[in-house]
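Structure data (compact mmCIF, C-alpha atoms) from run31.txt:
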# COMPACT_ATOMS: atom_id res chain seq x y z
CA MET A 1 -114.19 49.75 33.44
CA ASN A 2 -112.47 50.31 30.10
CA ALA A 3 -110.84 53.60 29.14
CA THR A 4 -113.67 54.86 26.94
CA ALA A 5 -116.32 54.20 29.57
CA GLN A 6 -114.17 55.96 32.11
CA ILE A 7 -113.84 59.08 29.97
CA ARG A 8 -117.60 59.08 29.50
CA THR A 9 -118.28 58.90 33.19
CA GLU A 10 -115.80 61.69 33.81
CA THR A 11 -117.55 63.87 31.26
CA CYS A 12 -120.89 63.28 33.02
CA LEU A 13 -119.40 64.19 36.39
CA LEU A 14 -117.81 67.33 34.99
CA LEU A 15 -121.09 68.43 33.41
CA GLU A 16 -122.86 67.89 36.71
CA ARG A 17 -120.29 70.05 38.51
CA ILE A 18 -120.51 72.72 35.79
CA SER A 19 -124.27 72.90 36.29
CA ARG A 20 -123.43 73.88 39.87
CA GLN A 21 -121.22 76.73 38.58
CA ASP A 22 -117.93 74.92 39.17
CA ARG A 23 -115.36 76.83 37.13
CA THR A 24 -112.58 74.31 37.73
CA ALA A 25 -114.78 71.62 36.23
CA PHE A 26 -115.45 73.90 33.26
CA ARG A 27 -111.73 74.28 32.71
CA ASP A 28 -111.17 70.53 33.04
CA LEU A 29 -113.92 69.83 30.53
CA TYR A 30 -112.38 72.30 28.10
CA HIS A 31 -109.12 70.40 28.26
CA SER A 32 -110.63 66.90 28.10
CA ALA A 33 -113.45 67.44 25.57
CA GLY A 34 -112.20 70.54 23.72
CA PRO A 35 -110.01 68.69 21.18
CA LYS A 36 -112.82 66.32 20.18
CA LEU A 37 -115.32 69.16 19.80
CA MET A 38 -112.75 71.19 17.88
CA GLY A 39 -112.45 68.16 15.55
CA VAL A 40 -116.22 68.15 15.01
CA LEU A 41 -116.38 71.89 14.33
CA LEU A 42 -113.35 71.91 12.06
CA ARG A 43 -114.65 69.05 9.98
CA ILE A 44 -118.07 70.63 9.50
CA LEU A 45 -117.02 74.27 9.16
CA GLY A 46 -113.80 73.69 7.25
CA THR A 47 -111.66 76.56 8.50
CA ARG A 48 -109.74 76.87 11.74
CA SER A 49 -110.80 80.43 12.38
CA GLU A 50 -114.49 79.66 12.09
CA ALA A 51 -114.11 76.47 14.13
CA GLU A 52 -112.39 78.45 16.88
CA ASP A 53 -115.18 81.01 16.89
CA ALA A 54 -117.71 78.21 17.08
CA LEU A 55 -115.81 76.49 19.89
CA GLN A 56 -116.09 79.64 22.00
CA GLU A 57 -119.82 79.69 21.39
CA VAL A 58 -120.14 75.97 22.14
CA PHE A 59 -118.36 76.27 25.49
CA THR A 60 -120.44 79.33 26.35
CA ARG A 61 -123.52 77.21 25.79
CA VAL A 62 -122.04 74.33 27.77
CA TRP A 63 -121.65 76.64 30.76
CA LEU A 64 -125.16 78.04 30.42
CA ARG A 65 -126.92 74.78 29.62
CA ALA A 66 -125.05 72.11 31.58
CA GLY A 67 -128.06 71.85 33.90
CA ARG A 68 -130.12 70.53 31.01
CA PHE A 69 -127.85 67.55 30.48
CA ASP A 70 -129.61 64.40 31.65
CA PRO A 71 -127.15 61.50 32.19
CA SER A 72 -130.00 58.97 32.08
CA ARG A 73 -130.60 59.89 28.43
CA GLY A 74 -127.11 59.41 27.05
CA ALA A 75 -123.40 59.93 27.50
CA GLY A 76 -121.98 63.34 28.28
CA MET A 77 -119.80 63.26 25.18
CA THR A 78 -122.83 62.48 22.98
CA TRP A 79 -124.56 65.55 24.39
CA LEU A 80 -121.49 67.70 23.79
CA VAL A 81 -121.00 66.49 20.22
CA ALA A 82 -124.72 67.01 19.48
CA LEU A 83 -124.49 70.56 20.81
CA SER A 84 -121.39 71.22 18.67
CA ARG A 85 -122.84 69.69 15.51
CA ASN A 86 -126.04 71.69 15.93
CA HIS A 87 -124.17 74.91 16.31
CA ALA A 88 -121.86 74.20 13.37
CA ILE A 89 -124.78 73.25 11.12
CA ASP A 90 -126.72 76.36 12.16
CA ARG A 91 -123.70 78.39 11.09
CA LEU A 92 -123.40 76.54 7.77
CA ARG A 93 -127.06 76.92 6.88
CA ALA A 94 -127.02 80.59 7.76
CA ARG A 95 -124.18 81.20 5.27
CA LYS A 96 -125.37 83.05 2.20
CA PRO A 97 -124.38 80.86 -0.77
CA GLU A 98 -125.68 77.44 0.20
CA GLN A 99 -123.13 75.46 -1.82
CA THR A 100 -119.97 76.81 -0.18
CA ASP A 101 -119.83 73.90 2.24
CA ASP A 102 -119.39 71.32 -0.46
CA GLY A 103 -115.82 71.93 -1.58
CA VAL A 104 -114.50 71.83 1.92
CA ALA A 105 -116.27 68.64 2.89
CA GLU A 106 -115.18 66.95 -0.32
CA LEU A 107 -111.58 67.58 0.55
CA ILE A 108 -111.78 65.72 3.82
CA VAL A 109 -114.26 63.01 2.94
CA ASP A 110 -112.32 61.67 0.01
CA THR A 111 -109.33 60.85 2.16
CA ALA A 112 -111.22 59.55 5.13
CA PRO A 113 -113.82 56.83 4.51
CA ARG A 114 -111.57 53.83 4.99
CA ALA A 115 -110.11 54.93 8.30
CA GLU A 116 -113.59 55.88 9.35
CA THR A 117 -115.09 52.52 8.64
CA ARG A 118 -112.33 50.92 10.63
CA LEU A 119 -112.91 53.20 13.60
CA ILE A 120 -116.63 52.82 13.53
CA ALA A 121 -116.32 49.06 13.45
CA GLN A 122 -114.91 49.12 16.96
CA GLY A 123 -116.85 48.65 20.15
CA GLU A 124 -120.51 49.44 20.44
CA ALA A 125 -120.48 51.19 17.08
CA ARG A 126 -120.46 47.79 15.36
CA ARG A 127 -124.24 47.64 15.37
CA VAL A 128 -124.54 50.90 13.46
CA THR A 129 -121.99 49.70 10.93
CA GLU A 130 -123.96 46.52 10.41
CA CYS A 131 -127.13 48.49 9.83
CA PHE A 132 -125.39 50.87 7.43
CA ASP A 133 -124.33 47.75 5.54
CA THR A 134 -127.99 46.89 4.91
CA LEU A 135 -128.28 50.08 2.82
CA GLU A 136 -127.03 50.44 -0.74
CA PRO A 137 -123.42 51.71 -0.52
CA ALA A 138 -124.19 55.07 -2.16
CA ARG A 139 -127.05 55.67 0.24
CA ALA A 140 -125.08 54.65 3.29
CA GLU A 141 -122.36 57.04 2.14
CA ALA A 142 -124.90 59.86 1.76
CA VAL A 143 -126.23 59.39 5.30
CA ARG A 144 -122.73 59.15 6.75
CA GLY A 145 -121.54 62.20 4.78
CA ALA A 146 -124.56 64.20 5.87
CA TYR A 147 -123.91 63.37 9.51
CA LEU A 148 -120.15 63.76 9.68
CA ASP A 149 -119.70 66.70 7.31
CA GLY A 150 -123.00 68.49 7.86
CA LEU A 151 -123.92 68.34 4.15
CA SER A 152 -127.24 69.85 3.11
CA TYR A 153 -129.70 68.17 0.75
CA GLU A 154 -128.48 70.57 -1.91
CA SER A 155 -124.85 69.51 -1.50
CA LEU A 156 -125.79 65.84 -1.36
CA ALA A 157 -127.88 66.09 -4.53
CA ALA A 158 -125.02 67.84 -6.34
CA ARG A 159 -122.49 65.30 -5.14
CA HIS A 160 -124.59 62.32 -6.19
CA SER A 161 -125.76 64.08 -9.38
CA ILE A 162 -129.46 63.53 -8.78
CA PRO A 163 -132.36 66.00 -8.39
CA LEU A 164 -132.89 67.38 -4.91
CA ASN A 165 -136.33 65.82 -4.46
CA THR A 166 -135.06 62.42 -5.50
CA MET A 167 -132.23 62.81 -3.03
CA ARG A 168 -134.68 63.57 -0.28
CA THR A 169 -136.95 60.62 -1.01
CA TRP A 170 -133.91 58.38 -1.22
CA LEU A 171 -132.43 59.58 2.05
CA ARG A 172 -135.71 59.45 3.98
CA ARG A 173 -136.29 55.85 2.90
CA SER A 174 -132.74 54.97 3.90
CA LEU A 175 -133.18 56.57 7.31
CA LEU A 176 -136.35 54.65 8.05
CA LYS A 177 -134.70 51.45 6.94
CA LEU A 178 -131.75 52.20 9.17
CA LYS A 179 -134.02 52.82 12.11
CA GLU A 180 -135.84 49.55 11.57
CA CYS A 181 -132.51 47.73 11.68
CA LEU A 182 -131.22 49.64 14.71
CA GLU A 183 -134.34 49.03 16.73
CA GLN A 184 -134.67 45.36 15.98
CA MET B 1 -142.77 49.68 -1.92
CA THR B 2 -140.64 52.76 -2.53
CA ASP B 3 -143.72 54.43 -3.97
CA THR B 4 -145.86 54.07 -0.86
CA PRO B 5 -146.21 57.46 0.78
CA LEU B 6 -144.89 57.69 4.33
CA THR B 7 -147.39 57.50 7.18
CA PRO B 8 -147.64 60.64 9.39
CA LEU B 9 -145.56 58.90 12.07
CA GLU B 10 -142.90 57.94 9.53
CA GLU B 11 -142.94 61.54 8.26
CA ASP B 12 -142.26 62.78 11.80
CA ASP B 13 -139.53 60.24 12.28
CA ALA B 14 -137.89 61.10 8.98
CA LEU B 15 -138.04 64.80 9.82
CA ALA B 16 -136.46 64.16 13.23
CA ALA B 17 -133.66 62.21 11.53
CA GLU B 18 -133.19 64.93 8.91
CA TYR B 19 -132.94 67.50 11.66
CA VAL B 20 -130.31 65.48 13.55
CA LEU B 21 -128.36 64.80 10.35
CA GLY B 22 -128.51 68.50 9.56
CA VAL B 23 -129.55 68.15 5.90
CA LEU B 24 -132.47 70.57 6.05
CA ALA B 25 -132.28 74.04 4.48
CA LEU B 26 -132.45 76.95 6.90
CA PRO B 27 -136.23 77.64 6.90
CA GLU B 28 -137.08 73.98 7.51
CA ARG B 29 -134.35 73.66 10.09
CA LEU B 30 -135.69 76.65 12.00
CA ALA B 31 -139.22 75.24 11.81
CA ALA B 32 -137.97 71.92 13.22
CA GLU B 33 -136.14 73.76 16.01
CA ALA B 34 -139.30 75.65 16.92
CA ARG B 35 -141.28 72.41 16.95
CA LEU B 36 -138.71 70.81 19.25
CA LYS B 37 -139.53 73.33 21.94
CA THR B 38 -143.25 72.65 21.99
CA ASP B 39 -143.73 69.09 20.73
CA VAL B 40 -142.58 66.59 23.34
CA ASP B 41 -143.13 63.62 21.06
CA PHE B 42 -141.04 65.16 18.30
CA ALA B 43 -138.31 66.06 20.82
CA ALA B 44 -138.25 62.42 21.97
CA ARG B 45 -137.84 61.24 18.37
CA VAL B 46 -134.94 63.63 17.95
CA SER B 47 -133.28 62.26 21.11
CA VAL B 48 -133.60 58.73 19.78
CA TRP B 49 -131.88 59.71 16.54
CA VAL B 50 -129.10 61.50 18.41
CA ALA B 51 -128.44 58.24 20.25
CA HIS B 52 -128.68 56.18 17.05
CA PHE B 53 -126.08 58.26 15.25
CA ALA B 54 -123.80 58.75 18.28
CA PRO B 55 -121.48 55.83 17.37
CA LEU B 56 -120.53 57.75 14.21
CA ASN B 57 -118.97 60.39 16.48
CA GLU B 58 -115.96 58.13 16.84
CA ALA B 59 -115.00 59.12 13.30
CA TYR B 60 -114.39 62.73 14.38
CA ALA B 61 -110.67 63.16 15.00
CA SER B 62 -109.43 65.17 17.96
CA VAL B 63 -107.71 68.42 17.03
CA PRO B 64 -105.54 70.43 19.46
CA VAL B 65 -107.27 73.53 20.79
CA PRO B 66 -105.40 76.84 20.76
CA PRO B 67 -104.25 77.82 24.26
CA ASP B 68 -105.63 81.38 24.12
CA LEU B 69 -109.26 80.35 23.57
CA LEU B 70 -110.12 79.32 27.13
CA PRO B 71 -109.27 82.74 28.63
CA LYS B 72 -111.44 84.36 25.93
CA ILE B 73 -114.35 82.09 26.78
CA GLU B 74 -113.90 82.68 30.49
CA SER B 75 -113.78 86.46 30.16
CA ARG B 76 -116.99 86.29 28.16
CA LEU B 77 -118.78 84.11 30.69
CA PHE B 78 -117.43 85.44 33.94
CA PRO B 79 -117.50 89.19 33.41
CA LYS B 80 -114.61 89.81 35.74
CA ALA B 81 -116.12 90.02 39.19
CA SER B 82 -112.80 91.53 40.27
CA ALA B 83 -112.85 94.28 37.65
CA LEU B 84 -116.48 95.08 38.44
CA ARG B 85 -115.78 95.24 42.12
CA GLY B 86 -112.73 97.40 41.50
CA GLY B 87 -114.85 99.72 39.40
CA TRP B 88 -117.44 99.83 42.15
CA ARG B 89 -114.87 100.92 44.71
CA LEU B 90 -113.56 103.54 42.33
CA TRP B 91 -117.06 104.81 41.78
CA LEU B 92 -117.69 104.98 45.53
CA ALA B 93 -114.57 107.08 45.95
CA GLY B 94 -115.79 109.35 43.16
CA ALA B 95 -119.25 109.60 44.65
CA VAL B 96 -117.86 110.56 48.04
CA THR B 97 -115.77 113.29 46.47
CA ALA B 98 -118.74 114.51 44.47
CA ALA B 99 -120.98 114.55 47.56
CA VAL B 100 -118.39 116.56 49.43
CA VAL B 101 -118.44 119.27 46.80
CA GLY B 102 -122.21 119.10 46.65
CA VAL B 103 -122.74 117.82 43.13
CA GLY B 104 -123.69 114.26 44.05
CA VAL B 105 -127.16 114.77 42.69
CA PHE B 106 -125.86 114.72 39.11
CA MET B 107 -124.86 111.09 39.57
CA LEU B 108 -128.54 110.19 39.87
CA MET B 109 -129.67 112.02 36.76
CA PRO B 110 -131.15 109.70 34.17
CA GLN B 111 -128.70 108.84 31.44
CA THR B 112 -129.67 108.11 27.88
CA ALA B 113 -128.63 104.49 27.46
CA PRO B 114 -127.94 103.14 23.95
CA GLY B 115 -129.47 99.96 22.56
CA ALA B 116 -132.97 98.52 22.58
CA VAL B 117 -134.82 97.69 25.78
CA ILE B 118 -134.98 93.89 26.01
CA ALA B 119 -136.55 93.55 29.45
CA ASN B 120 -137.94 95.48 32.37
CA LEU B 121 -137.26 93.88 35.71
CA GLY B 122 -139.98 94.94 38.12
CA ASP B 123 -142.72 96.21 35.82
CA GLY B 124 -146.21 96.89 37.06
CA GLY B 125 -145.94 99.26 39.97
CA SER B 126 -143.11 97.65 41.93
CA ALA B 127 -140.96 100.09 43.88
CA LEU B 128 -137.74 98.87 42.27
CA VAL B 129 -137.31 98.69 38.51
CA TYR B 130 -134.26 97.85 36.42
CA GLU B 131 -134.25 98.30 32.69
CA ALA B 132 -132.13 95.97 30.52
CA ARG B 133 -130.89 97.13 27.14
CA HIS B 134 -128.78 95.39 24.53
CA ASP B 135 -126.87 97.12 21.76
CA GLY B 136 -125.67 94.08 19.87
CA SER B 137 -122.61 93.33 21.96
CA HIS B 138 -123.22 94.83 25.40
CA LEU B 139 -125.91 94.30 27.99
CA MET B 140 -126.64 97.42 30.00
CA VAL B 141 -128.82 97.36 33.09
CA THR B 142 -129.94 100.62 34.66
CA ARG B 143 -132.04 101.23 37.77
CA VAL B 144 -134.96 103.41 36.63
CA ALA B 145 -136.99 103.37 39.87
CA GLY B 146 -136.37 102.63 43.53
CA ALA B 147 -133.28 102.63 45.70
CA PRO B 148 -130.07 100.64 45.50
CA ALA B 149 -129.48 97.82 47.99
CA PRO B 150 -128.92 98.97 51.60
CA GLU B 151 -125.40 99.31 52.96
CA GLY B 152 -123.61 96.01 53.40
CA GLN B 153 -125.67 94.47 50.58
CA THR B 154 -125.77 94.64 46.82
CA HIS B 155 -128.11 93.68 44.00
CA GLU B 156 -126.67 91.05 41.69
CA LEU B 157 -127.83 90.38 38.12
CA TRP B 158 -128.22 86.80 36.86
CA VAL B 159 -128.98 85.31 33.49
CA ILE B 160 -130.74 81.96 33.42
CA ALA B 161 -131.00 79.80 30.31
CA PRO B 162 -134.00 77.46 30.28
CA GLY B 163 -133.30 74.55 32.61
CA ALA B 164 -129.84 75.87 33.48
CA ALA B 165 -128.35 77.30 36.65
CA PRO B 166 -128.17 81.10 37.03
CA VAL B 167 -124.97 82.78 35.85
CA SER B 168 -123.85 86.04 37.39
CA LEU B 169 -123.53 89.00 35.05
CA GLY B 170 -122.30 91.38 37.72
CA LEU B 171 -123.32 93.70 40.54
CA LEU B 172 -125.93 96.43 40.26
CA GLY B 173 -124.86 99.56 42.07
CA THR B 174 -125.99 103.10 41.52
CA ASP B 175 -124.33 103.38 38.14
CA PRO B 176 -125.59 101.22 35.27
CA LEU B 177 -124.06 97.80 34.79
CA ASP B 178 -122.46 97.41 31.39
CA VAL B 179 -121.11 93.99 30.40
CA GLU B 180 -120.02 92.55 27.11
CA TYR B 181 -122.47 89.71 26.67
CA PRO B 182 -124.32 88.17 23.70
CA ARG B 183 -128.00 89.05 23.50
CA PRO B 184 -129.89 86.40 25.50
CA PRO B 185 -132.46 84.61 23.31
CA ALA B 186 -136.20 84.51 24.01
CA GLY B 187 -137.14 82.23 26.88
CA TRP B 188 -134.11 83.16 28.96
CA VAL B 189 -134.61 84.91 32.27
CA LEU B 190 -132.87 87.87 33.85
CA ALA B 191 -133.09 87.99 37.64
CA VAL B 192 -131.92 90.24 40.46
CA SER B 193 -131.03 88.89 43.90
CA VAL B 194 -129.94 90.58 47.12
CA GLU B 195 -126.39 89.55 48.07
CA PRO B 196 -123.83 90.53 50.64
CA ALA B 197 -121.62 93.47 49.58
CA GLY B 198 -119.13 92.28 47.00
CA GLY B 199 -121.58 89.84 45.47
CA SER B 200 -122.58 86.21 46.02
CA PRO B 201 -119.72 84.38 47.73
CA THR B 202 -120.69 81.06 46.09
CA GLY B 203 -121.24 81.99 42.46
CA ALA B 204 -124.94 81.15 42.79
CA PRO B 205 -127.68 83.37 44.21
CA THR B 206 -127.63 83.17 48.04
CA GLY B 207 -130.09 85.94 48.95
CA PRO B 208 -133.73 86.39 47.94
CA VAL B 209 -134.47 86.80 44.23
CA ILE B 210 -136.44 90.04 44.16
CA LEU B 211 -136.99 90.66 40.44
CA THR B 212 -137.23 88.46 37.37
CA ALA B 213 -138.10 89.03 33.73
CA GLU B 214 -138.43 86.47 30.96
CA LEU B 215 -137.11 87.62 27.61
What is this structure when it is put down as structure tokens?
Amino acid sequence: MNATAQIRTETCLLLERISRQDRTAFRDLYHSAGPKLMGVLLRILGTRSEAEDALQEVFTRVWLRAGRFDPSRGAGMTWLVALSRNHAIDRLRARKPEQTDDGVAELIVDTAPRAETRLIAQGEARRVTECFDTLEPARAEAVRGAYLDGLSYESLAARHSIPLNTMRTWLRRSLLKLKECLEQ
Amino acid sequence: MTDTPLTPLEEDDALAAEYVLGVLALPERLAAEARLKTDVDFAARVSVWVAHFAPLNEAYASVPVPPDLLPKIESRLFPKASALRGGWRLWLAGAVTAAVVGVGVFMLMPQTAPGAVIANLGDGGSALVYEARHDGSHLMVTRVAGAPAPEGQTHELWVIAPGAAPVSLGLLGTDPLDVEYPRPPAGWVLAVSVEPAGGSPTGAPTGPVILTAEL
């Protein structure tokens, strides 16, 4: 078993114990998964203070919902990251001026893509990278930016300087193309 | 080809992907969330997209977590069984003193609790009724009919998220239970079980669940 697989299995076991109200497991999960989830929240929300607030909420939900985690449907870490992304995006979308998320994301994205591509090219993620490569580079970048930074259609349209509806048509086509490739 | 409209299935699939990506504006996002709860097929599409995008998660860097966050989370989730029990003992001592001087009856007088009623546990003519209120930050549960648990036992309050295990919110004695707790969303359940004095020894309900209310 390689290191990554081992961490995944551990996360599943911890979630199972948490669903049985095991507080030690909860603490262990906080220490093992907390930094990754903090990374997700910080990247999407942009400020440490909001990310810390969100992390509290995420771990509250983990405690209350661990029983819903189904290991047959995916890795524990995938479930945790999905929960964190959802919460962060809910927070972003509930913010009053819709465009405030753009500046923050820009800051991080511009420095990151190369390292990202390298990371993603490792292991089982290779398939996704290959499928992203079947899209036009600008479109692949839009999908990736939306996912990693939690960008809204509005922010994406502004960033790519195209009307919102065009952006949406564009992105939907790209997503379906991506799916076709991934499910081949 | 780009001009062909999407088929209804493709529309659903694209919407599921948009929801997972997070690109939707708030009203559409909320609509998708509502659909997730009732539409099994749509929920399955969402799960597929979560799995498809999961490899991208490797691009999220790990960031150290501040050391003082875990205690905050724990105090929010585990509303200090020890403090509650301490308070209970203190109250007992007070009640005994009050009974001795013959004013014990005032302890049972209805109190005007703040906050909106979010649930009644034991509606519809049951002998025992607890009323749950929430004022935005605190959950307050007051017995409005019936007797407290007999000596040697206690009533314990639980909150249950859909599909999750019950979480203890504290013990229900004669005085109202007041805990700092976020307002539970619709679909969650409040329940009361009978436990040995001091509360469930395992952290999960051990005695019979006598009252429940879905929010």
Please report the interatomic distance between CA of Gly198 (chain B) and CA of Ala149 (chain B) in Å with one decimal.
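Atom-to-atom, CA of Gly198 (chain B) and CA of Ala149 (chain B) are spaced 11.8 Å apart.
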Only residues of chain B matter here; which ones have an atom within 9 Å of chain A, counting all atoms listed in the file? Give them as a PyMOL selection string.
chain B and resi 2+6+10-11+13-15+17-18+20-26+29-30+47+49-66+69-70+72-74+76-77+159-167+202-204
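The space separating CA of Ala54 (chain A) from CA of Asp41 (chain B) comes to 29.6 Å.
For the pair CA of Glu214 (chain B) and CA of Leu190 (chain B), the interatomic distance is 6.4 Å.
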